[in-house]
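Engineer: File coords.cif follows (mmCIF, C-alpha atoms):
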data_query
#
loop_
_atom_site.label_atom_id
_atom_site.label_comp_id
_atom_site.auth_asym_id
_atom_site.auth_seq_id
_atom_site.Cartn_x
_atom_site.Cartn_y
_atom_site.Cartn_z
CA MET A 234 31.42 19.52 -23.33
CA GLY A 235 28.60 19.07 -20.88
CA PHE A 236 30.93 18.38 -17.97
CA ALA A 237 33.98 20.43 -18.99
CA PRO A 238 34.62 23.54 -16.86
CA TYR A 239 34.45 26.93 -18.53
CA GLY A 240 37.82 27.77 -20.06
CA GLU A 241 39.91 27.56 -23.22
CA TYR A 242 39.40 23.79 -23.63
CA TRP A 243 35.62 24.16 -23.35
CA ARG A 244 35.58 27.14 -25.74
CA SER A 245 37.58 25.14 -28.27
CA LEU A 246 35.14 22.22 -28.15
CA ARG A 247 32.15 24.54 -28.52
CA ARG A 248 33.74 26.28 -31.48
CA ILE A 249 34.54 22.99 -33.20
CA SER A 250 31.04 21.57 -32.69
CA ALA A 251 29.31 24.80 -33.74
CA THR A 252 31.43 25.17 -36.87
CA TYR A 253 31.66 21.60 -38.11
CA MET A 254 28.77 19.67 -36.58
CA PHE A 255 25.80 21.95 -35.99
CA SER A 256 26.25 24.77 -38.50
CA PRO A 257 23.29 25.58 -40.82
CA ARG A 258 25.34 24.20 -43.69
CA ARG A 259 25.81 20.83 -41.98
CA ILE A 260 22.16 20.67 -40.94
CA SER A 261 21.15 21.25 -44.55
CA ALA A 262 23.70 18.73 -45.85
CA PHE A 263 22.23 15.96 -43.70
CA GLU A 264 18.59 16.57 -44.65
CA GLY A 265 18.65 13.77 -47.21
CA PHE A 266 19.86 11.29 -44.64
CA ARG A 267 17.32 12.45 -42.05
CA ARG A 268 14.59 11.87 -44.61
CA GLU A 269 15.99 8.43 -45.40
CA VAL A 270 15.98 7.50 -41.70
CA GLY A 271 12.42 8.80 -41.54
CA ARG A 272 11.38 6.53 -44.42
CA LYS A 273 12.95 3.56 -42.66
CA MET A 274 11.02 4.40 -39.50
CA MET A 275 7.79 4.50 -41.54
CA GLY A 276 8.66 1.00 -42.74
CA GLU A 277 9.25 -0.15 -39.17
CA VAL A 278 5.86 1.25 -38.18
CA GLU A 279 4.19 -0.57 -41.09
CA ASN A 280 5.91 -3.84 -40.26
CA SER A 281 5.00 -3.55 -36.58
CA MET A 282 1.33 -3.07 -37.44
CA ILE A 283 1.39 -6.12 -39.73
CA VAL A 284 3.20 -8.40 -37.27
CA LYS A 285 1.90 -7.17 -33.90
CA GLY A 286 -1.14 -5.07 -34.72
CA GLU A 287 0.32 -2.22 -32.66
CA VAL A 288 3.33 0.09 -32.54
CA ARG A 289 5.82 0.36 -29.68
CA ALA A 290 6.93 3.86 -30.53
CA ARG A 291 9.93 4.19 -28.23
CA GLU A 292 11.95 1.40 -29.82
CA ILE A 293 11.40 2.65 -33.38
CA LEU A 294 12.13 6.27 -32.50
CA HIS A 295 15.20 5.38 -30.45
CA PHE A 296 16.81 3.29 -33.19
CA GLY A 297 16.01 5.93 -35.81
CA SER A 298 17.48 8.70 -33.69
CA LEU A 299 20.57 6.66 -32.86
CA ASN A 300 21.25 5.89 -36.53
CA ASN A 301 20.77 9.54 -37.43
CA VAL A 302 23.43 10.59 -34.93
CA MET A 303 25.75 7.74 -35.93
CA MET A 304 25.75 8.87 -39.55
CA MET A 305 26.61 12.46 -38.59
CA VAL A 306 29.29 11.42 -36.13
CA PHE A 307 30.76 8.22 -37.61
CA GLY A 308 29.52 8.29 -41.20
CA ARG A 309 27.75 4.94 -41.00
CA CYS A 310 24.44 3.26 -40.19
CA TYR A 311 23.89 0.22 -38.00
CA ASP A 312 21.51 -2.71 -38.00
CA PHE A 313 20.09 -2.93 -34.48
CA HIS A 314 18.20 -6.16 -35.05
CA GLY A 315 20.79 -8.54 -36.42
CA GLY A 316 23.50 -8.57 -33.76
CA GLY A 317 27.02 -7.30 -34.39
CA ASP A 318 28.18 -3.71 -33.86
CA GLY A 319 24.65 -2.30 -33.87
CA THR A 320 23.56 -4.51 -30.99
CA GLU A 321 26.75 -3.72 -29.06
CA LEU A 322 26.27 0.02 -29.58
CA GLU A 323 22.67 -0.13 -28.37
CA LYS A 324 23.76 -1.97 -25.22
CA LEU A 325 26.44 0.66 -24.51
CA VAL A 326 24.01 3.56 -24.95
CA SER A 327 21.31 1.88 -22.84
CA GLU A 328 23.80 1.12 -20.07
CA GLY A 329 24.94 4.75 -20.09
CA TYR A 330 21.37 6.02 -19.74
CA GLU A 331 20.75 3.58 -16.91
CA LEU A 332 23.86 4.62 -14.99
CA LEU A 333 23.21 8.35 -15.32
CA GLY A 334 19.64 7.96 -14.14
CA ILE A 335 20.22 5.52 -11.28
CA PHE A 336 19.89 6.65 -7.66
CA ASN A 337 23.36 6.20 -6.18
CA TRP A 338 23.57 6.23 -2.38
CA SER A 339 27.23 7.24 -2.53
CA ASP A 340 26.24 10.58 -4.11
CA HIS A 341 24.28 11.46 -0.98
CA PHE A 342 26.42 9.71 1.64
CA PRO A 343 30.05 10.10 0.49
CA PHE A 344 31.37 7.99 3.37
CA LEU A 345 29.73 5.00 1.65
CA GLY A 346 31.57 5.67 -1.60
CA TRP A 347 34.46 3.29 -1.01
CA LEU A 348 32.00 0.43 -0.51
CA ASP A 349 30.28 0.87 -3.91
CA LEU A 350 27.30 -1.00 -2.49
CA GLN A 351 25.30 -0.85 -5.72
CA GLY A 352 28.24 -1.60 -7.99
CA VAL A 353 27.76 1.69 -9.84
CA ARG A 354 31.44 2.60 -10.04
CA LYS A 355 32.31 -0.90 -11.22
CA ARG A 356 29.68 -0.67 -13.97
CA CYS A 357 30.94 2.81 -14.95
CA ARG A 358 34.51 1.56 -15.27
CA CYS A 359 33.32 -1.38 -17.35
CA LEU A 360 31.26 0.88 -19.61
CA ALA A 361 34.12 3.36 -20.06
CA SER A 362 36.43 0.53 -21.08
CA LYS A 363 33.96 -0.79 -23.66
CA VAL A 364 33.27 2.69 -25.05
CA ASN A 365 37.02 3.33 -25.41
CA VAL A 366 37.39 0.12 -27.41
CA PHE A 367 34.28 0.65 -29.56
CA VAL A 368 34.89 4.31 -30.44
CA GLY A 369 38.68 3.88 -30.60
CA LYS A 370 38.22 1.16 -33.21
CA ILE A 371 36.14 3.51 -35.38
CA ILE A 372 38.76 6.27 -35.10
CA ASP A 373 41.46 3.79 -36.17
CA GLU A 374 39.32 2.68 -39.13
CA HIS A 375 38.98 6.32 -40.23
CA ARG A 376 42.75 6.77 -40.04
CA MET A 377 43.30 3.68 -42.20
CA LYS A 378 40.77 4.81 -44.82
CA ARG A 379 42.33 8.26 -44.96
CA LYS A 380 45.74 6.74 -45.69
CA VAL A 381 44.29 4.73 -48.57
CA LYS A 382 42.11 7.53 -49.97
CA LYS A 383 44.39 10.45 -49.30
CA ASN A 384 43.16 13.69 -50.92
CA GLU A 385 40.05 11.92 -52.25
CA GLU A 386 37.70 12.73 -49.36
CA ASP A 387 34.57 14.59 -50.48
CA GLU A 388 33.92 17.55 -48.18
CA HIS A 389 30.19 16.83 -48.35
CA ASN A 390 30.70 13.30 -47.01
CA ARG A 391 33.04 14.13 -44.13
CA ASP A 392 31.72 13.04 -40.76
CA PHE A 393 32.67 14.41 -37.35
CA VAL A 394 35.52 11.92 -36.87
CA ASP A 395 37.12 13.31 -40.05
CA VAL A 396 36.67 16.83 -38.70
CA LEU A 397 38.45 15.99 -35.44
CA LEU A 398 41.28 14.22 -37.26
CA ASP A 399 41.79 17.26 -39.51
CA LEU A 400 42.06 19.80 -36.69
CA GLY A 401 45.11 22.04 -36.74
CA GLU A 402 47.93 21.72 -34.25
CA ASN A 403 46.45 24.28 -31.84
CA ASP A 404 43.09 22.49 -31.65
CA LYS A 405 44.35 18.90 -31.93
CA LEU A 406 42.68 16.49 -29.49
CA SER A 407 44.18 13.39 -27.92
CA ASP A 408 42.48 10.08 -28.69
CA SER A 409 40.96 9.99 -25.22
CA ASP A 410 39.49 13.48 -25.69
CA MET A 411 38.19 12.54 -29.13
CA ILE A 412 36.48 9.48 -27.70
CA ALA A 413 34.88 11.58 -24.96
CA VAL A 414 33.60 14.20 -27.42
CA LEU A 415 32.29 11.64 -29.91
CA TRP A 416 30.56 9.61 -27.22
CA GLU A 417 28.85 12.70 -25.83
CA MET A 418 27.57 13.56 -29.31
CA ILE A 419 26.02 10.10 -29.57
CA PHE A 420 24.78 9.98 -26.02
CA ARG A 421 23.18 13.40 -25.82
CA GLY A 422 22.04 13.52 -29.44
CA THR A 423 19.99 10.35 -29.33
CA ASP A 424 17.66 10.49 -26.36
CA THR A 425 16.27 14.04 -26.65
CA VAL A 426 14.84 13.58 -30.15
CA ALA A 427 13.36 10.14 -29.47
CA ILE A 428 11.88 11.09 -26.09
CA LEU A 429 10.30 14.30 -27.39
CA LEU A 430 8.75 12.53 -30.38
CA GLU A 431 7.28 9.85 -28.11
CA TRP A 432 5.65 12.55 -25.96
CA ILE A 433 4.28 14.27 -29.08
CA LEU A 434 2.80 11.04 -30.47
CA ALA A 435 1.21 10.34 -27.08
CA ARG A 436 -0.39 13.77 -27.21
CA MET A 437 -1.60 13.17 -30.77
CA VAL A 438 -3.30 9.96 -29.65
CA LEU A 439 -4.93 11.77 -26.73
CA HIS A 440 -5.95 14.82 -28.78
CA PRO A 441 -7.22 13.54 -32.16
CA GLU A 442 -8.67 16.95 -33.07
CA ILE A 443 -5.20 18.50 -32.80
CA GLN A 444 -3.67 15.62 -34.76
CA THR A 445 -6.25 16.15 -37.51
CA ARG A 446 -5.50 19.86 -37.66
CA VAL A 447 -1.76 19.22 -38.11
CA GLN A 448 -2.49 16.66 -40.84
CA GLU A 449 -4.81 19.08 -42.64
CA GLU A 450 -2.08 21.71 -42.52
CA ILE A 451 0.44 19.24 -43.97
CA ASP A 452 -1.99 18.14 -46.69
CA TYR A 453 -2.63 21.78 -47.66
CA VAL A 454 1.03 22.85 -47.73
CA VAL A 455 2.77 19.65 -48.86
CA GLY A 456 0.01 17.56 -50.42
CA LYS A 457 -0.09 13.78 -50.51
CA SER A 458 2.04 13.13 -53.58
CA ARG A 459 5.42 13.92 -52.00
CA THR A 460 7.02 13.65 -48.59
CA ILE A 461 7.64 16.61 -46.34
CA SER A 462 11.03 18.38 -46.43
CA ASP A 463 12.90 20.90 -44.29
CA SER A 464 11.84 23.72 -46.62
CA ASP A 465 8.17 23.03 -45.78
CA ILE A 466 8.56 23.53 -42.02
CA PRO A 467 8.40 27.37 -42.01
CA ASN A 468 5.02 27.05 -43.75
CA LEU A 469 3.66 24.68 -41.07
CA PRO A 470 3.11 26.98 -38.06
CA PHE A 471 0.66 24.70 -36.27
CA LEU A 472 3.06 21.74 -36.46
CA GLN A 473 5.74 23.99 -34.95
CA SER A 474 3.29 25.04 -32.24
CA VAL A 475 2.59 21.40 -31.35
CA VAL A 476 6.32 20.80 -30.91
CA LYS A 477 6.66 23.90 -28.72
CA GLU A 478 3.68 22.93 -26.57
CA CYS A 479 5.16 19.47 -25.98
CA LEU A 480 8.49 21.05 -25.08
CA ARG A 481 6.59 23.22 -22.61
CA MET A 482 4.59 20.42 -21.00
CA HIS A 483 7.25 17.71 -21.21
CA PRO A 484 10.72 19.34 -21.42
CA PRO A 485 13.20 16.47 -22.01
CA GLY A 486 15.79 18.24 -19.82
CA PRO A 487 13.64 19.66 -17.01
CA LEU A 488 16.66 20.77 -14.98
CA LEU A 489 18.51 22.07 -18.05
CA SER A 490 20.89 19.14 -17.96
CA TRP A 491 23.75 20.25 -15.73
CA ALA A 492 24.27 22.27 -12.56
CA ARG A 493 25.74 25.76 -12.93
CA LEU A 494 28.38 27.36 -10.73
CA ALA A 495 28.33 31.08 -9.97
CA VAL A 496 31.90 32.25 -10.64
CA HIS A 497 31.19 35.78 -9.36
CA ASP A 498 28.86 37.37 -6.82
CA VAL A 499 25.67 38.29 -8.66
CA HIS A 500 22.17 39.62 -8.02
CA VAL A 501 19.25 37.83 -9.71
CA GLY A 502 16.20 39.98 -9.17
CA GLN A 503 16.16 40.65 -5.44
CA SER A 504 18.24 37.59 -4.60
CA PHE A 505 21.97 37.72 -3.91
CA ILE A 506 23.91 34.73 -5.26
CA PRO A 507 27.44 34.51 -3.81
CA ALA A 508 30.34 33.17 -5.85
CA GLY A 509 30.72 29.42 -5.49
CA THR A 510 26.98 28.74 -5.35
CA THR A 511 25.79 25.72 -7.34
CA ALA A 512 22.42 26.32 -9.00
CA MET A 513 20.07 24.35 -11.21
CA VAL A 514 17.34 25.94 -13.34
CA ASN A 515 14.05 24.07 -13.06
CA MET A 516 12.58 24.59 -16.52
CA TRP A 517 9.72 22.21 -15.73
CA ALA A 518 8.60 24.47 -12.88
CA ILE A 519 8.77 27.55 -15.11
CA THR A 520 6.74 25.95 -17.91
CA HIS A 521 4.07 24.80 -15.42
CA ASP A 522 3.82 28.10 -13.54
CA GLU A 523 0.43 29.80 -13.91
CA ARG A 524 2.13 33.16 -13.39
CA VAL A 525 4.05 32.53 -16.61
CA TRP A 526 1.59 30.47 -18.67
CA ALA A 527 -2.21 30.63 -18.70
CA GLU A 528 -3.78 27.25 -17.85
CA PRO A 529 -0.37 25.56 -17.73
CA GLU A 530 -1.82 22.04 -17.30
CA LYS A 531 -3.87 22.32 -20.49
CA PHE A 532 -2.34 21.00 -23.73
CA ASP A 533 -3.03 23.88 -26.10
CA PRO A 534 -0.73 24.50 -29.10
CA ASN A 535 -2.88 27.52 -29.99
CA ARG A 536 -1.09 29.51 -27.29
CA PHE A 537 1.88 29.74 -29.69
CA MET A 538 -0.11 30.70 -32.79
CA GLY A 539 -0.67 34.30 -31.81
CA GLU A 540 2.72 34.96 -30.26
CA GLU A 541 6.24 34.26 -31.45
CA VAL A 542 8.02 32.31 -28.71
CA SER A 543 11.53 31.09 -29.48
CA VAL A 544 12.70 27.86 -27.86
CA MET A 545 16.35 28.55 -28.71
CA GLY A 546 17.24 30.33 -25.47
CA SER A 547 16.25 33.96 -26.01
CA ASP A 548 12.88 33.61 -24.23
CA LEU A 549 13.41 32.23 -20.72
CA ARG A 550 9.75 31.32 -20.36
CA LEU A 551 10.53 28.35 -22.61
CA ALA A 552 14.22 27.50 -22.91
CA PRO A 553 14.28 23.67 -23.05
CA PHE A 554 17.80 23.66 -24.51
CA GLY A 555 19.18 26.10 -21.97
CA ALA A 556 20.46 29.62 -22.59
CA GLY A 557 23.68 31.58 -22.56
CA ARG A 558 27.15 30.08 -22.84
CA ARG A 559 26.01 26.57 -21.95
CA VAL A 560 23.03 26.40 -24.28
CA CYS A 561 22.82 23.03 -26.07
CA PRO A 562 24.99 23.33 -29.22
CA GLY A 563 22.80 20.82 -31.09
CA LYS A 564 19.48 22.61 -30.53
CA ALA A 565 18.97 23.60 -34.18
CA MET A 566 19.83 20.11 -35.43
CA GLY A 567 17.51 18.57 -32.84
CA MET A 568 14.58 20.82 -33.75
CA ALA A 569 15.11 20.24 -37.48
CA THR A 570 15.06 16.48 -36.92
CA VAL A 571 12.01 16.46 -34.63
CA GLN A 572 9.93 18.69 -36.91
CA LEU A 573 10.84 16.77 -40.07
CA TRP A 574 10.16 13.34 -38.57
CA LEU A 575 6.96 14.49 -36.89
CA GLY A 576 5.78 15.78 -40.25
CA GLU A 577 6.54 12.41 -41.86
CA LEU A 578 4.88 10.44 -39.06
CA LEU A 579 1.68 12.50 -39.20
CA GLN A 580 1.61 12.79 -42.98
CA THR A 581 1.90 9.03 -43.41
CA TYR A 582 -0.18 7.69 -40.50
CA LYS A 583 -3.15 8.43 -38.32
CA TRP A 584 -2.26 7.61 -34.72
CA LEU A 585 -4.84 5.89 -32.54
CA PRO A 586 -5.03 4.27 -29.08
CA SER A 587 -3.95 0.64 -29.01
CA SER A 588 -7.25 -0.11 -27.28
CA GLU A 589 -10.13 1.94 -25.95
CA ASP A 590 -10.23 1.25 -22.21
CA GLY A 591 -12.98 3.75 -21.55
CA THR A 592 -10.76 6.14 -19.58
CA ILE A 593 -10.12 9.75 -20.47
CA ASN A 594 -6.49 8.90 -21.31
CA LYS A 595 -7.43 6.09 -23.73
CA GLY A 596 -4.81 3.76 -22.31
CA VAL A 597 -2.01 6.34 -22.66
CA ASP A 598 -0.10 6.86 -19.40
CA LEU A 599 1.33 10.39 -19.14
CA SER A 600 3.21 9.65 -15.92
CA GLU A 601 6.76 11.03 -16.01
CA CYS A 602 10.03 9.35 -15.13
CA LEU A 603 13.20 11.42 -14.73
CA LYS A 604 16.36 9.56 -15.74
CA LEU A 605 18.92 11.27 -17.96
CA SER A 606 15.90 12.98 -19.53
CA LEU A 607 12.22 13.23 -18.68
CA GLU A 608 10.73 10.07 -20.21
CA MET A 609 7.27 8.58 -20.32
CA LYS A 610 7.17 6.17 -17.38
CA THR A 611 5.13 3.70 -19.43
CA PRO A 612 6.34 3.44 -23.05
CA LEU A 613 3.74 4.45 -25.62
CA VAL A 614 1.89 1.63 -27.37
CA CYS A 615 -0.57 2.69 -30.07
CA LYS A 616 -1.91 1.94 -33.54
CA ALA A 617 -0.92 3.59 -36.80
CA ILE A 618 -3.33 3.60 -39.74
CA ARG A 619 -1.78 4.54 -43.08
CA ARG A 620 -3.31 7.64 -44.66
CA VAL A 621 -1.01 8.25 -47.67
CA GLY A 622 1.40 6.33 -49.86
#
Can you present the structure in this file as structure tokens?
Structural biologist:
Amino acid sequence: MGFAPYGEYWRSLRRISATYMFSPRRISAFEGFRREVGRKMMGEVENSMIVKGEVRAREILHFGSLNNVMMMVFGRCYDFHGGGDGTELEKLVSEGYELLGIFNWSDHFPFLGWLDLQGVRKRCRCLASKVNVFVGKIIDEHRMKRKVKKNEEDEHNRDFVDVLLDLGENDKLSDSDMIAVLWEMIFRGTDTVAILLEWILARMVLHPEIQTRVQEEIDYVVGKSRTISDSDIPNLPFLQSVVKECLRMHPPGPLLSWARLAVHDVHVGQSFIPAGTTAMVNMWAITHDERVWAEPEKFDPNRFMGEEVSVMGSDLRLAPFGAGRRVCPGKAMGMATVQLWLGELLQTYKWLPSSEDGTINKGVDLSECLKLSLEMKTPLVCKAIRRVG
């Protein structure tokens, strides 16, 4: 969907994903599994503290996010530590991120393309072949199960592969199209959640007074005798403000993912944009513009407490998921996941620097690295001290 040109095919994919994958009903149906993945991540944090005395947040968040997406898309979880399919999947996803983020000379000097000096095209072909085999195998397994359990499938337990296989004749996708759609769901659905949560945890380590305020809010609304749930989030405005402020300072998709093509002549303000112009929206520049945001370099969630600012695309001062026709279809699912897991992480643990090095940043490096998304250049390493449970 991200690369498909605007047209009937693209509209069909958007309709399918919006109806069957990212509808409010589906988001609600998967809450239990999101909470289960969250509990497993808490266990990984605990184990890491026992074994290493520190937490490497990126790895835990990435595996949790990947398993969350895999359950929604394929209806299964994977073990990423014991070899097998989980290890293979992780290698495929990591290779995809690497290839999309790599600087390719052929993109800038087309006459060098046939040489493939960096071997990028060769690696892309190899990855595509492996993805076709991996995802194709899962589609075949679903077909076999459906033959055995015909008419016994519980609607509540249907995953996205089942949805695609059940499409009517007019919407039916070829296997190659199904593989492309499923892979994009995995690929785009994994990194945004994990990367944003890593940025938020880094900010919590750097701003303990803000972390404490979120935890006090959670303790007041939820208490310490039960875990946080989706229904608690509307009653946690400061937690929501922390997420928004991190989206403002560290938007995972600073260039709103993909370039846009003007299909008609258009005026934007006083500028004339002729048809055929390729444009990219720099959301990072907007969210760091002092004409738009007061003290843009200051991390201050309070800026969202007195004003309702939607991050879903209606307020272009902060539209990290895009806006209009090409807005990210999974934005609501992503926000639900981030807010729930952040609540669990802060309810369960107090997050501290791995070591006090005497600097203002307490050993946390906020340098940015733009690959597929805007990542922390240096992965976050910190300590987690249990506070409940």
Engineer: Which one of A:Cys359, A:Val454, A:Leu397, A:Cys602 sits closest to Arg376 of chain A if you count only C-alpha atoms?
Structural biologist: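 For Arg376 of chain A, the nearest of the given residues is A:Leu397.
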Engineer: On this structure, which residues satisfy the PyMOL selection byres ((chain A and resi 519-535) around 7), written as a PyMOL selection string?
Structural biologist: chain A and resi 474-475+478+481-482+515-518+536-538+550-551
Engineer: My list of candidates is A:Gln473, A:Gln351, A:Ser606, A:Ser458. Which is closest to Tyr330 of chain A when distances are computed with only C-alpha atoms?
Structural biologist: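 Looking only at the distances to Tyr330 of chain A, the closest residue turns out to be A:Ser606.
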Engineer: Fewer than 5 positions away in the same chain doesn't count, so skip those; otherwise give me all residues within 12 Å of Glu417 of chain A, counting all atoms listed in the file, as an mmCIF file with C-alpha atoms, keeping the file's coordinate frame.
Structural biologist:
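The resulting around-v9.cif:
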data_model
loop_
_atom_site.group_PDB
_atom_site.id
_atom_site.type_symbol
_atom_site.label_atom_id
_atom_site.label_comp_id
_atom_site.auth_asym_id
_atom_site.auth_seq_id
_atom_site.Cartn_x
_atom_site.Cartn_y
_atom_site.Cartn_z
ATOM 1 C CA MET A 234 31.420 19.520 -23.330
ATOM 2 C CA GLY A 235 28.600 19.070 -20.880
ATOM 3 C CA PHE A 236 30.930 18.380 -17.970
ATOM 4 C CA ALA A 237 33.980 20.430 -18.990
ATOM 5 C CA LEU A 246 35.140 22.220 -28.150
ATOM 6 C CA SER A 250 31.040 21.570 -32.690
ATOM 7 C CA VAL A 302 23.430 10.590 -34.930
ATOM 8 C CA MET A 303 25.750 7.740 -35.930
ATOM 9 C CA VAL A 306 29.290 11.420 -36.130
ATOM 10 C CA VAL A 326 24.010 3.560 -24.950
ATOM 11 C CA GLY A 329 24.940 4.750 -20.090
ATOM 12 C CA TYR A 330 21.370 6.020 -19.740
ATOM 13 C CA VAL A 364 33.270 2.690 -25.050
ATOM 14 C CA VAL A 368 34.890 4.310 -30.440
ATOM 15 C CA ASP A 410 39.490 13.480 -25.690
ATOM 16 C CA MET A 411 38.190 12.540 -29.130
ATOM 17 C CA ILE A 412 36.480 9.480 -27.700
ATOM 18 C CA GLY A 422 22.040 13.520 -29.440
ATOM 19 C CA THR A 423 19.990 10.350 -29.330
ATOM 20 C CA ASP A 424 17.660 10.490 -26.360
ATOM 21 C CA CYS A 561 22.820 23.030 -26.070
ATOM 22 C CA PRO A 562 24.990 23.330 -29.220
ATOM 23 C CA GLY A 563 22.800 20.820 -31.090
#
Engineer: With distances taken over only C-alpha atoms, which residue among A:Glu540, A:Pro553, A:Met545, A:Val396 lies nearest Pro484 of chain A?
Structural biologist: A:Pro553
Engineer: Atom CA of Lys564 of chain A and atom CA of Ile260 of chain A, how far apart in Å?
Structural biologist: 10.9 Å
Engineer: If I take atom CA of Arg291 of chain A and atom CA of Ala427 of chain A, how far is one from the other in Å, to one decimal?
Structural biologist: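 Interatomic distance here is 7.0 Å.
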Engineer: As an exercise, work out the distance from atom CA of Glu277 of chain A to atom CA of Lys616 of chain A in Å and give it to one decimal place.
Structural biologist: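 About the pair atom CA of Glu277 of chain A and atom CA of Lys616 of chain A: they are 12.7 Å apart.
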Engineer: Find the residues near Asp399 of chain A: any atom within 12 Å, counting all atoms listed in the file, skip ones fewer than 3 places away on the same chain, and give them as a PDB file with C-alpha atoms, in the frame of the given file.
Structural biologist:
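That gives us around-v9.pdb:
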ATOM      1  CA  ILE A 249      34.540  22.990 -33.200  1.00  0.00           C
ATOM      2  CA  TYR A 253      31.660  21.600 -38.110  1.00  0.00           C
ATOM      3  CA  HIS A 375      38.980   6.320 -40.230  1.00  0.00           C
ATOM      4  CA  ARG A 376      42.750   6.770 -40.040  1.00  0.00           C
ATOM      5  CA  ARG A 379      42.330   8.260 -44.960  1.00  0.00           C
ATOM      6  CA  GLU A 386      37.700  12.730 -49.360  1.00  0.00           C
ATOM      7  CA  GLU A 388      33.920  17.550 -48.180  1.00  0.00           C
ATOM      8  CA  ARG A 391      33.040  14.130 -44.130  1.00  0.00           C
ATOM      9  CA  ASP A 392      31.720  13.040 -40.760  1.00  0.00           C
ATOM     10  CA  PHE A 393      32.670  14.410 -37.350  1.00  0.00           C
ATOM     11  CA  VAL A 394      35.520  11.920 -36.870  1.00  0.00           C
ATOM     12  CA  ASP A 395      37.120  13.310 -40.050  1.00  0.00           C
ATOM     13  CA  VAL A 396      36.670  16.830 -38.700  1.00  0.00           C
ATOM     14  CA  GLU A 402      47.930  21.720 -34.250  1.00  0.00           C
ATOM     15  CA  ASN A 403      46.450  24.280 -31.840  1.00  0.00           C
ATOM     16  CA  ASP A 404      43.090  22.490 -31.650  1.00  0.00           C
ATOM     17  CA  LYS A 405      44.350  18.900 -31.930  1.00  0.00           C
ATOM     18  CA  LEU A 406      42.680  16.490 -29.490  1.00  0.00           C
ATOM     19  CA  MET A 411      38.190  12.540 -29.130  1.00  0.00           C
TER      20      MET A 411
END
Engineer: With the file shown as input, list the residues that the PyMOL selection byres ((chain A and resi 278) around 12) selects, as a PyMOL selection string.
Structural biologist: chain A and resi 271-277+279-294+297+577-578+581-584+614-619
Engineer: Got time to write the residues from that selection, C-alpha atoms, as a short mmCIF file (atom, residue, chain, number, x, y, z; two decimals), in the frame of the given file?
Structural biologist:
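File again_2.cif, as written:
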data_model
loop_
_atom_site.label_atom_id
_atom_site.label_comp_id
_atom_site.auth_asym_id
_atom_site.auth_seq_id
_atom_site.Cartn_x
_atom_site.Cartn_y
_atom_site.Cartn_z
CA GLY A 271 12.42 8.80 -41.54
CA ARG A 272 11.38 6.53 -44.42
CA LYS A 273 12.95 3.56 -42.66
CA MET A 274 11.02 4.40 -39.50
CA MET A 275 7.79 4.50 -41.54
CA GLY A 276 8.66 1.00 -42.74
CA GLU A 277 9.25 -0.15 -39.17
CA GLU A 279 4.19 -0.57 -41.09
CA ASN A 280 5.91 -3.84 -40.26
CA SER A 281 5.00 -3.55 -36.58
CA MET A 282 1.33 -3.07 -37.44
CA ILE A 283 1.39 -6.12 -39.73
CA VAL A 284 3.20 -8.40 -37.27
CA LYS A 285 1.90 -7.17 -33.90
CA GLY A 286 -1.14 -5.07 -34.72
CA GLU A 287 0.32 -2.22 -32.66
CA VAL A 288 3.33 0.09 -32.54
CA ARG A 289 5.82 0.36 -29.68
CA ALA A 290 6.93 3.86 -30.53
CA ARG A 291 9.93 4.19 -28.23
CA GLU A 292 11.95 1.40 -29.82
CA ILE A 293 11.40 2.65 -33.38
CA LEU A 294 12.13 6.27 -32.50
CA GLY A 297 16.01 5.93 -35.81
CA GLU A 577 6.54 12.41 -41.86
CA LEU A 578 4.88 10.44 -39.06
CA THR A 581 1.90 9.03 -43.41
CA TYR A 582 -0.18 7.69 -40.50
CA LYS A 583 -3.15 8.43 -38.32
CA TRP A 584 -2.26 7.61 -34.72
CA VAL A 614 1.89 1.63 -27.37
CA CYS A 615 -0.57 2.69 -30.07
CA LYS A 616 -1.91 1.94 -33.54
CA ALA A 617 -0.92 3.59 -36.80
CA ILE A 618 -3.33 3.60 -39.74
CA ARG A 619 -1.78 4.54 -43.08
#
Engineer: Which polymer residues have any atom within 12 Å of an atom of Asp498 of chain A, counting all atoms listed in the file, with same-chain residues fewer than 6 positions away left out, as a ChimeraX atom specification?
Structural biologist: /A:504-510
Engineer: Keeping C-alpha atoms, export the residues of the selection given above as a compact mmCIF listing (two decimals), in the frame of the given file.
Structural biologist:
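Generated file (again-v2.txt):
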# COMPACT_ATOMS: atom_id res chain seq x y z
CA SER A 504 18.24 37.59 -4.60
CA PHE A 505 21.97 37.72 -3.91
CA ILE A 506 23.91 34.73 -5.26
CA PRO A 507 27.44 34.51 -3.81
CA ALA A 508 30.34 33.17 -5.85
CA GLY A 509 30.72 29.42 -5.49
CA THR A 510 26.98 28.74 -5.35
Engineer: Measuring atom to atom with only C-alpha atoms, identify which of A:Arg436, A:Glu264, A:Lys363, A:Glu328 is nearest to Lys595 of chain A.
Structural biologist: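 So, comparing all the options, the nearest one is A:Arg436.
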Engineer: Once the PyMOL selection byres ((chain A and resi 455) around 12) has been evaluated on this model, what residues remain selected, and can you format them as a ChimeraX atom specification?
Structural biologist: /A:447-454,456-469,576-577,580-581
Engineer: Here is a test: counting all atoms listed in the file, which residue of A:Phe263, A:Trp574, A:Tyr311, A:Phe367 is nearest to Ala413 of chain A?
Structural biologist: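 The shortest atom-to-atom distance to Ala413 of chain A comes from A:Phe367.
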Engineer: Near segment 428-430 of chain A, counting all atoms listed in the file, which residues have an atom at most 7 Å away, once you skip same-chain residues fewer than 3 positions from it, shown as a ChimeraX atom specification?
Structural biologist: /A:424-425,433-434,485,571,608
